[in-house]
Amino acid sequence: MQDNDALFDALRRSADPGVVDALADLIRNGRDEELARINAVGVAADRGLDEEQVIAALLHASRLGLFEMSWNILCPSCGGVLGANATLKSVRQQDYHCAFCSLTSEPTLDDTVEVSFTVSPRIRGIAAHDPDSLGFWEYHRQVFYGSGLAFPEPGALDELSGKVMLETVELQAGERMILALQIPAQPVAIFDPVTHAAHLIDVEGEPTAERRDLSLVFTSANAGVGRSTLSPGPLRLVLDNRTERRVLVGVYVMGPEMCVLLGGRRPFLTAKRLLTNQTFRDLYRTETLDVEQRLKIMSLTFLFTDLKGSTDLYERVGDLVAYDLVRSHFQILNEIVASESGAVVKTIGDAVMATFPTPHRAVSAALRMRDSMRQLNARQGAEELILKIGIHEGPCLAVNLNDRQDYFGQTVNIASRVQALATEDSIFATQAVLQDAESVRQLSSRGVEARPQALTLRGVADRMPVFAMS
């Protein structure tokens, strides 16, 4: 325990002390299931903490060995974890298949790749460290489903499971069992969350009294889907576990009650949000994407800045003064970006490229940047730093360029072109940004007008509406 205290002392030097105290309390007093797949956004909501501070503390804590971070590929339908990865580098670009939902989907960092945290077994042992010790529903809650599924409370779960389950079976390695079932007039799914194997029964026709037979063999390599069509009536189901560990077979009635059981959702930490987090980029600078990876993001907001006339500035005030001014400008911009849930991707000369999870965060950052530069100039007594800003939102690819996590695609190009159009002390944004309702509210609350400009973006074939914020 003394070693743990030393780790928490180290964590307090890099993360908010109040958040660290909350994490220490969670580790010491939290239930096992609370520590199995920690939802950073959920922890912040449950304990009344700042989300960004909780995320930062968990990232620092993972670096210290208090938690293990996992990048989980989620089924967009049921929320089940189709693959758990220790790093983003292990996430495949190819489609993932959910046998339970009979659904194939390509991972997107916006909503089907979550980041969760599990307490390290060196810090505290929990049941999820030995998944074979978990009961049927606890295995689903702590291992199979992602942290964004709001699982029913025990009382409601008991009631729902009585309506959706025909049978649950725990089969040890090498064990075989025969079940006698009555197939209802609704579709049925037979599913094991350990091997991710499923057999789906489409139910058609009139009820029958004739008994049918169905045999399912579970192996370590058969995470596939079988399918049968049967009429309602008796079924003899033979289950054969030929894996080297136990399986947890459930026979589900796929009716409306199943939608209630798995329909609850809550916000969770997405891979997109983490990639736009400054603490993550600082701590995991070279450990994010493999050089061959190209992972999709459906919506990301890019903000580009540049200093007008920086070459003249060096000529006018001299290298030393100009350097100090430009360094101050970078520090201010970095702090604003981080405080708006964004991250600086890179600097190019006197320019900054930053990303934000939503357009309104970028708009807020841009307005604050402009105000800060005006205040800095007022303190200097001269208009030395004139900041030009451009913002655009859209899809892109997360890639590895020059040994760092970067972004590629037309959205990035357009954002850069929009910034190039900006004139003195101006913020230009595309219609995609101004279509965001929260961005509009940001501008209205600050008395800022967005005026359309008849401009053409270099290298973009179609004319795009561009708005100047004044």
# chains A, B, ... in the order shown; residues from 1 in each chain; ligands from 1
call {"tool": "residues_around", "arguments": {"residues": "A:Cys101", "least_positions_apart": "6", "cutoff": "10 Å", "atoms": "only C-alpha atoms", "output": "list of chain:residue names"}}
result
A:Cys75, A:Pro76, A:Ser77, A:Cys78, A:Gly80, A:Ala189, A:Phe191, A:Ala198, A:Leu200, A:Val225
call {"tool": "residues_around", "arguments": {"residues": "stretch 435-443 of chain A", "least_positions_apart": "5", "cutoff": "7 Å", "atoms": "only C-alpha atoms", "output": "mmCIF file with N, CA, C and O atoms, in the first residue's frame"}}
result
data_model
loop_
_atom_site.group_PDB
_atom_site.id
_atom_site.type_symbol
_atom_site.label_atom_id
_atom_site.label_comp_id
_atom_site.auth_asym_id
_atom_site.auth_seq_id
_atom_site.Cartn_x
_atom_site.Cartn_y
_atom_site.Cartn_z
ATOM 1 N N PRO A 359 -17.356 21.586 -33.572
ATOM 2 C CA PRO A 359 -17.121 22.926 -34.126
ATOM 3 C C PRO A 359 -17.176 24.037 -33.086
ATOM 4 O O PRO A 359 -16.389 24.988 -33.143
ATOM 5 N N HIS A 360 -18.121 23.955 -32.128
ATOM 6 C CA HIS A 360 -18.270 25.073 -31.202
ATOM 7 C C HIS A 360 -17.047 25.254 -30.305
ATOM 8 O O HIS A 360 -16.743 26.369 -29.877
ATOM 9 N N VAL A 363 -14.706 27.303 -32.448
ATOM 10 C CA VAL A 363 -15.168 28.694 -32.522
ATOM 11 C C VAL A 363 -14.821 29.435 -31.232
ATOM 12 O O VAL A 363 -14.313 30.568 -31.261
ATOM 13 N N SER A 364 -15.104 28.813 -30.096
ATOM 14 C CA SER A 364 -14.780 29.441 -28.818
ATOM 15 C C SER A 364 -13.283 29.705 -28.700
ATOM 16 O O SER A 364 -12.859 30.782 -28.261
ATOM 17 N N VAL A 448 -21.055 38.420 -31.822
ATOM 18 C CA VAL A 448 -20.211 38.319 -33.017
ATOM 19 C C VAL A 448 -21.083 37.963 -34.207
ATOM 20 O O VAL A 448 -21.894 37.026 -34.160
ATOM 21 N N GLU A 449 -20.923 38.697 -35.284
ATOM 22 C CA GLU A 449 -21.691 38.463 -36.508
ATOM 23 C C GLU A 449 -20.840 37.664 -37.497
ATOM 24 O O GLU A 449 -19.642 37.926 -37.663
#
call {"tool": "residues_around", "arguments": {"residues": "stretch 171-178 of chain A", "least_positions_apart": "5", "cutoff": "12 Å", "atoms": "only C-alpha atoms", "output": "PyMOL selection string"}}
result
chain A and resi 132-133+135-136+192+194+213-220+235-250
call {"tool": "closest_residue", "arguments": {"among": "A:Ile190, A:Ala351, A:Ala185, A:Val119", "to": "A:Met69", "atoms": "only C-alpha atoms"}}
result
A:Val119
call {"tool": "residues_around", "arguments": {"residues": "A:Met258", "least_positions_apart": "4", "cutoff": "7 Å", "atoms": "only C-alpha atoms", "output": "PyMOL selection string"}}
result
chain A and resi 164+254+262
call {"tool": "residues_around", "arguments": {"residues": "A:Thr288", "least_positions_apart": "5", "cutoff": "8 Å", "atoms": "only C-alpha atoms", "output": "VMD selection string"}}
result
chain A and resid 87 to 89 404 to 405
call {"tool": "select_by_dssp", "arguments": {"residues": "stretch 55-184 of chain A", "states": "alpha helix (DSSP H)", "output": "MDAnalysis selection string"}}
result
chainID A and resid 55:64 136:139 154:164
call {"tool": "residues_around", "arguments": {"residues": "stretch 419-424 of chain A", "least_positions_apart": "4", "cutoff": "12 Å", "atoms": "only C-alpha atoms", "output": "PyMOL selection string"}}
result
chain A and resi 302-309+351-353+366+370+374+383-392+412-415+428-430+453-458+466-470
call {"tool": "residues_around", "arguments": {"residues": "A:Leu269", "least_positions_apart": "4", "cutoff": "8 Å", "atoms": "only C-alpha atoms", "output": "number ranges by chain"}}
result
A: 39-41, 114-116, 273-274
call {"tool": "select_by_dssp", "arguments": {"residues": "stretch 146-309 of chain A", "states": "strand (DSSP E or B)", "output": "PyMOL selection string"}}
result
chain A and resi 149+165-171+176-183+188-192+197-203+212-218+225-230+233-241+247-253+265+270+295-308
call {"tool": "closest_residue", "arguments": {"among": "A:Thr112, A:Asn85, A:Gln431, A:Thr118", "to": "A:Met464", "atoms": "only C-alpha atoms"}}
result
A:Gln431
call {"tool": "closest_residue", "arguments": {"among": "A:Ala221, A:Val260, A:Ile38, A:Val337", "to": "A:Ala354", "atoms": "only C-alpha atoms"}}
result
A:Val337
call {"tool": "atom_distance", "arguments": {"atom1": "atom CA of A:Ala6", "atom2": "atom CA of A:Trp71"}}
result
27.5 Å
